[in-house]
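For reference, the structure discussed in these notes is given below.
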Amino acid sequence: MILSMTNGATTTLSPAPKISESVELGSKKPEKPKKLVLSFGIAATIFLALNVIPQVFPPKEFPFNKFDHPCKGSVWYLVDDMRKTSGQKADYALLGSSLMVAAITNADATGQNKQVDLTTYHKAAYLDKKLNRGTSSVNLAVAGEMPSDAFLILKASIEKLKPGSTLIYGLAPRDFIDHDFKSPTDSEAYQLLHRTVPLEPGLSDKYNVSIWEKMNYWIEKSLFLSDNAIDIQSIMSKWGDTAIDTIFGKQTLTDYAIGTRFWDRQKLIPSYKMVERIPNAFILEPEDLTKPPVYVDNTMEYVMRYRRPDMKAFANQAYFVQKIGELCKERNIKLVLVNMPITETNQNILPPALYQTYMSKMKELATASGARFLDFNNHSEFPKTDFNDGVHMNARGAIKFVDKLATVL
């Protein structure tokens with residue numbers, strides 16, 4: 001190469017030597033594909049080992065206590081109570097959602113003039129008093145309970161009921177068409193009890209409705225880590241609690257302080273363990289019947305709950321009422337289906353045709369199950385003054401409801 005200089009002189013430069021491609025890029029060729037394959041192989045081996053080894057060489061804590069749970073809600077306390085007292089058989093059991101919870105607990109609190117701890121109280125003392133037969137009744141109702149939940153709760157608590165006992169199941173339209181209830185697998189009852197209550201294939205498909213739920217259920221039952229994730233979480237949580245107690249000392253708190261601590265945590269972290277309940281945090285006081293009732297209008301809440309009713313979900317929930325009837329027949333338990341009182345305001349939110357469909361289905365299910373059907377939704381007998389809101393009875397309505405139920409029984 002010849003370059004011209006500024007002073008007119010010239011100079012010659014030799015061409016730069018060619019650099020081979022191997023030198024330019026480095027002597028080593030990329031090995032990313034090999035590394036990815038190796039990483040995947042190691043990860044897959046570890047994953048398989050964690051799922052196979054525990055089944056071949058079970059850990060000290062295995063088999064896990066499937067009823068244990070890191071978040072204990074209303075269903076946990078209910079079923080735990082029924083299991084612990086299964087030797088004391090019940091003559092009557094009540095099943096249903098918060099409508100039945102409000103009816104029975106308000107009647108007990110005001111009718112017996114005593115506080116009721118909504119977390120741990122599962123009796124129906126006022127009903128027993130009105131029956132006047134020395135009976136023992138239990139309340140299996142839980143707020144938000146759908147028929148799919150009621151079936152699991154009943155199956156988990158069935159040993160508590162005597163052969164020949166009576167099950168009173170209170171139902172309302174919301175139990176079949178709640179828009180806020182996305183899937184039977186989302187409930188507290190399912191998350192806790194599907195681990196302890198055996199589900200035959202037909203039933204598991206009724207709970208796991210979507211293809212994704214079916215896949216998740218299959219994975220859960222196939223893989224050790226998935227099937228026991230909650231148990232492992234519970235053990236690690238206990239280890240953490242033990243470490244904290246060791247470092248800071250175990251606190252001994254009064255029952256009142258425990259309830260106070262729960263609400264302090266709710267204010268600080270409202271979305272943490274939303275379904276968790278603890279004793280003495282939810283206390284129902286007796287009502288003063290000399291004072292006028294207080295009514296809270298929750299119409300908009302139920303406008304949202306009743307919107308766009310899914311008739312497939314309706315049919316699915318009706319199926320679980322049918323299964324409850326079959327279980328009662330199998331265990332020689334008398335079944336009574338009760339159409340629960342709701343306000344005329346609340347009922348008017350529903351299209352009339354839908355309410356009639358609901359009523360027809362209830363009567364059909366009662367006939368098929370050999371159950372008795374009671375329609376207590378009488379607006380002249382249970383006026384608005386008997387309610388705290390559109391569907392939940394206050395103490396006046398609750399006492400009236402239990403009085404009528406006892407008379408019919």
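Chain lettering (A, B, ...) mirrors the order of the structure tokens, residue numbering begins at 1 for each chain separately, and ligand numbering begins at 1 in order of display.
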
Using the chain letters and numbers from this document, which residues of stretch 145-217 of chain A does DSSP assign to strand (DSSP E or B), as a PyMOL selection string?
-> chain A and resi 161-171

Contacts between stretch 158-168 of chain A and stretch 323-381 of chain A, please, where a residue of stretch 323-381 of chain A counts if it comes within 10 Å (with only C-alpha atoms); show its shortest atom pair and distance in Å to one decimal, rows by chain and ascending number, as a tab-separated table.
residue	atom	partner	partner_atom	distance
A:Ile324	CA	A:Leu167	CA	9.9
A:Gly325	CA	A:Leu167	CA	9.9
A:Leu327	CA	A:Ile158	CA	9.1
A:Cys328	CA	A:Leu167	CA	8.1
A:Lys329	CA	A:Gly164	CA	9.9
A:Glu330	CA	A:Pro163	CA	9.8
A:Arg331	CA	A:Pro163	CA	6.3
A:Asn332	CA	A:Pro163	CA	5.4
A:Ile333	CA	A:Gly164	CA	5.0
A:Lys334	CA	A:Thr166	CA	4.6
A:Leu335	CA	A:Leu167	CA	4.9
A:Val336	CA	A:Ile168	CA	4.8
A:Leu337	CA	A:Ile168	CA	6.1
A:Val338	CA	A:Ile168	CA	7.0
A:Ala371	CA	A:Leu167	CA	9.8
A:Arg372	CA	A:Ile168	CA	9.4
A:Phe373	CA	A:Ile168	CA	9.8
A:Leu374	CA	A:Ile168	CA	9.9

Based on the selection just made, write C-alpha atoms of those residues as an mmCIF file, in the first residue's frame.
data_model
loop_
_atom_site.group_PDB
_atom_site.id
_atom_site.type_symbol
_atom_site.label_atom_id
_atom_site.label_comp_id
_atom_site.auth_asym_id
_atom_site.auth_seq_id
_atom_site.Cartn_x
_atom_site.Cartn_y
_atom_site.Cartn_z
ATOM 1 C CA ILE A 324 -75.984 -34.678 50.028
ATOM 2 C CA GLY A 325 -79.336 -36.437 49.681
ATOM 3 C CA LEU A 327 -75.180 -39.466 51.552
ATOM 4 C CA CYS A 328 -78.075 -38.952 53.976
ATOM 5 C CA LYS A 329 -79.871 -42.000 52.570
ATOM 6 C CA GLU A 330 -76.709 -44.058 52.863
ATOM 7 C CA ARG A 331 -76.257 -43.032 56.529
ATOM 8 C CA ASN A 332 -79.970 -43.260 57.466
ATOM 9 C CA ILE A 333 -80.185 -39.507 58.107
ATOM 10 C CA LYS A 334 -83.436 -37.629 57.510
ATOM 11 C CA LEU A 335 -82.967 -34.618 55.222
ATOM 12 C CA VAL A 336 -85.005 -31.410 55.411
ATOM 13 C CA LEU A 337 -84.433 -28.720 52.749
ATOM 14 C CA VAL A 338 -85.448 -25.232 53.874
ATOM 15 C CA ALA A 371 -86.422 -35.168 51.735
ATOM 16 C CA ARG A 372 -88.938 -32.796 53.242
ATOM 17 C CA PHE A 373 -89.115 -29.330 51.665
ATOM 18 C CA LEU A 374 -90.042 -26.283 53.788
#

All helix (DSSP H, G or I) residues (DSSP, backbone) inside stretch 60-203 of chain A, as an MDAnalysis selection string | chainID A and resid 74:84 98:111 125:131 147:160 174:177 184:186 188:193 201:203

Neighbour list for A:Asp175 as a ChimeraX atom specification, cut-off 9 Å, only C-alpha atoms, skip fewer than 4 positions in-chain | /A:96-97,144-147,171,314,317

Would you output that residue set with N, CA and C atoms, as a PDB file, in the first residue's frame?
ATOM      1  N   GLY A  96     -75.626 -24.913  55.840  1.00  0.00           N
ATOM      2  CA  GLY A  96     -75.996 -23.757  55.043  1.00  0.00           C
ATOM      3  C   GLY A  96     -74.935 -22.676  55.054  1.00  0.00           C
ATOM      4  N   SER A  97     -75.279 -21.538  54.482  1.00  0.00           N
ATOM      5  CA  SER A  97     -74.350 -20.422  54.359  1.00  0.00           C
ATOM      6  C   SER A  97     -74.496 -19.476  55.555  1.00  0.00           C
ATOM      7  N   GLY A 144     -70.585 -18.172  53.356  1.00  0.00           N
ATOM      8  CA  GLY A 144     -70.137 -18.405  51.984  1.00  0.00           C
ATOM      9  C   GLY A 144     -70.294 -19.827  51.503  1.00  0.00           C
ATOM     10  N   GLU A 145     -70.835 -20.699  52.334  1.00  0.00           N
ATOM     11  CA  GLU A 145     -70.924 -22.124  52.010  1.00  0.00           C
ATOM     12  C   GLU A 145     -71.851 -22.378  50.815  1.00  0.00           C
ATOM     13  N   MET A 146     -71.300 -22.924  49.751  1.00  0.00           N
ATOM     14  CA  MET A 146     -72.070 -23.360  48.593  1.00  0.00           C
ATOM     15  C   MET A 146     -72.386 -24.850  48.759  1.00  0.00           C
ATOM     16  N   PRO A 147     -73.320 -25.414  47.997  1.00  0.00           N
ATOM     17  CA  PRO A 147     -73.579 -26.857  48.098  1.00  0.00           C
ATOM     18  C   PRO A 147     -72.327 -27.722  47.899  1.00  0.00           C
ATOM     19  N   LEU A 171     -81.241 -23.248  52.277  1.00  0.00           N
ATOM     20  CA  LEU A 171     -80.765 -22.843  50.957  1.00  0.00           C
ATOM     21  C   LEU A 171     -81.387 -21.517  50.539  1.00  0.00           C
ATOM     22  N   PHE A 314     -75.185 -23.351  38.152  1.00  0.00           N
ATOM     23  CA  PHE A 314     -76.419 -23.664  38.878  1.00  0.00           C
ATOM     24  C   PHE A 314     -76.632 -25.179  38.904  1.00  0.00           C
ATOM     25  N   GLN A 317     -74.057 -26.989  41.131  1.00  0.00           N
ATOM     26  CA  GLN A 317     -74.330 -26.889  42.564  1.00  0.00           C
ATOM     27  C   GLN A 317     -75.542 -27.738  42.952  1.00  0.00           C
TER      28      GLN A 317
END

Given the choices A:Met300, A:Val116, A:Ala156, A:Met359, which gets closest to A:His194 if the distance is worked out from only C-alpha atoms?
->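 Ranked by minimum distance to A:His194, first place goes to A:Ala156.
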
Could you list, as a PDB file with C-alpha atoms, in the first residue's frame, every residue within 9 Å of stretch 68-71 of chain A, counting only C-alpha atoms and ignoring same-chain residues fewer than 3 positions away?
ATOM      1  CA  PHE A  64     -48.310 -35.796  56.890  1.00  0.00           C
ATOM      2  CA  ASN A  65     -51.351 -34.719  58.862  1.00  0.00           C
ATOM      3  CA  TRP A  76     -61.037 -25.825  59.896  1.00  0.00           C
ATOM      4  CA  LEU A 192     -58.809 -27.794  53.184  1.00  0.00           C
ATOM      5  CA  ILE A 230     -49.082 -27.275  52.093  1.00  0.00           C
ATOM      6  CA  ASP A 231     -47.700 -29.867  54.529  1.00  0.00           C
ATOM      7  CA  GLN A 233     -45.168 -25.177  54.209  1.00  0.00           C
ATOM      8  CA  SER A 234     -46.786 -25.986  57.568  1.00  0.00           C
ATOM      9  CA  ILE A 235     -43.657 -27.743  58.861  1.00  0.00           C
ATOM     10  CA  SER A 237     -43.816 -22.387  59.357  1.00  0.00           C
ATOM     11  CA  LYS A 238     -43.626 -24.298  62.659  1.00  0.00           C
ATOM     12  CA  LYS A 273     -54.515 -14.856  55.299  1.00  0.00           C
ATOM     13  CA  MET A 274     -57.934 -13.355  54.584  1.00  0.00           C
ATOM     14  CA  VAL A 275     -59.895 -16.487  55.575  1.00  0.00           C
ATOM     15  CA  GLU A 276     -57.995 -17.053  58.833  1.00  0.00           C
ATOM     16  CA  ARG A 277     -59.993 -16.982  62.072  1.00  0.00           C
TER      17      ARG A 277
END
